[in-house]
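To keep things clear, I will list the structure first and then write my remarks on it.
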Amino acid sequence: MAGRLAATAQRFTAASQDDSFLWPLAEASTANFTIAEVEVTPRTIPQPANRDLNSLLALIAGSLFADVDAKASFWQRARGTQPAAQFAAQPLPQTTHIAEPPDTAPMLDAFRLAYTNLHEIWSLVLPPNSLLGLKKLSMLQPESFRMPDNLWARIVYDFILAYRLRTINRGHLLGALTPLYLAWVASHLTLISTGTPPEKHVQDLAAAFETDKPYLVSRWRWPDRFNP
């Protein structure tokens, strides 16, 4: 696996694609390597030099979308989901610190402002059902703000499709995703503040992406014929 990753990394470097950094897991999957889950103790993670959310999200999403496009023939084939193998974990240290509930108001303000200013751009990317869902979200109070998992999955899938088809300039496209991501983060934080374990919500979200995969495949293959 190390040899394959090294060879792939050299191709990215030769093509001056140093920002393509989300590919190792997908590369391992396409090569049929074993993927396992390992719990690790708390650690300090280096912070990126550029902490601007717009730039970071565009970099991460752009890297993901490009990898999806490059490996389309692999991920479109149907496969059953299997749980990852788990290694025995070291007991994590207990903590009594209770974090303050995060302030989601700035995130929701950014989303509502974008709903007004970016609606025309979003309408080029998202189908009417998703736009209707966003309209309903824009009218919710912070304490009841919940973005349905299937709506977020559809949004990500439609942005992937727009990235592939170059529906609009890719830089503008990735920038238009930021306020939608903030809306999802606010929804996630509000949900876990009610006692829902964050790991459970992440698993539920993954299930929503898997359930809606036929939507992505259909629109990928027939973008003009399948647009609910």
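Here's how to read the names in the structure tokens: chain A, B, ... by the order shown, residue numbers from 1 in each chain, ligand numbers from 1 in the order shown.
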> as a list in words, which residues of region 6-195 of chain A does DSSP assign to strand (DSSP E or B)?
Replying inline: Ala36, Glu37, Ala85 and Gln86 of chain A
Filtering to all heavy atoms, could you give me those residues as a compact mmCIF listing (two decimals), in the first residue's frame?
# COMPACT_ATOMS: atom_id res chain seq x y z
N ALA A 36 -9.36 -0.32 8.42
CA ALA A 36 -9.73 -0.60 9.81
C ALA A 36 -9.89 0.70 10.57
O ALA A 36 -9.42 1.76 10.14
CB ALA A 36 -8.68 -1.47 10.48
N GLU A 37 -10.57 0.62 11.69
CA GLU A 37 -10.81 1.79 12.55
C GLU A 37 -10.02 1.62 13.84
O GLU A 37 -10.08 0.57 14.48
CB GLU A 37 -12.30 1.92 12.85
CG GLU A 37 -12.64 3.12 13.72
CD GLU A 37 -14.14 3.25 13.95
OE1 GLU A 37 -14.92 2.58 13.23
OE2 GLU A 37 -14.53 4.01 14.86
N ALA A 85 -13.02 -3.22 10.38
CA ALA A 85 -12.41 -3.93 11.50
C ALA A 85 -11.93 -2.93 12.54
O ALA A 85 -11.53 -1.81 12.20
CB ALA A 85 -11.24 -4.77 11.00
N GLN A 86 -11.99 -3.30 13.80
CA GLN A 86 -11.59 -2.41 14.88
C GLN A 86 -10.48 -3.04 15.70
O GLN A 86 -10.54 -4.22 16.04
CB GLN A 86 -12.77 -2.07 15.78
CG GLN A 86 -13.83 -1.22 15.10
CD GLN A 86 -14.93 -0.80 16.06
OE1 GLN A 86 -15.25 -1.52 16.99
NE2 GLN A 86 -15.50 0.37 15.83
> Looking only at the backbone, which of the residues in chain A does DSSP tag as helix (DSSP H, G or I), as a ChimeraX atom specification?
Replying inline: /A:2-14,23-30,53-70,72-75,105-117,119-125,128-138,142-144,149-165,170-192,198-211,213-221
Env of region 155-172 of chain A: 7 Å cut, atoms = only C-alpha atoms, seq-sep filter 5 positions within chain, self excluded. Answer as an mmCIF file with C-alpha atoms, in the first residue's frame.
data_model
loop_
_atom_site.group_PDB
_atom_site.id
_atom_site.type_symbol
_atom_site.label_atom_id
_atom_site.label_comp_id
_atom_site.auth_asym_id
_atom_site.auth_seq_id
_atom_site.Cartn_x
_atom_site.Cartn_y
_atom_site.Cartn_z
ATOM 1 C CA PHE A 65 -14.974 16.364 -5.870
ATOM 2 C CA ASP A 69 -14.708 12.486 -10.791
ATOM 3 C CA VAL A 125 -26.995 23.757 -8.924
ATOM 4 C CA LEU A 126 -29.857 22.485 -6.768
ATOM 5 C CA LEU A 216 -26.090 10.587 -7.646
ATOM 6 C CA TRP A 220 -24.185 11.462 -13.106
#
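A straight line drawn from CA of Arg221 (chain A) to CA of Gln76 (chain A) is 9.8 Å long.
Considering the residues A:Asn117, A:Ser187, A:Ser123, A:Thr8 and counting only C-alpha atoms, Asp149 (chain A) has its shortest atom-to-atom contact with A:Ser187.
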>> I'd like the contact shell of Leu25 (chain A) - 12 Å cut-off, only C-alpha atoms, skipping same-chain residues fewer than 2 positions apart - returned as a list of chain:residue names.
In response: A:Met1, A:Arg4, A:Leu5, A:Phe21, A:Leu22, A:Trp23, A:Glu27, A:Ala28, A:Ser29, A:Thr30, A:Ala31, A:Asn32, A:Phe33, A:Thr34, A:Ile35, A:Ala36, A:Leu64, A:Asp67, A:Val68
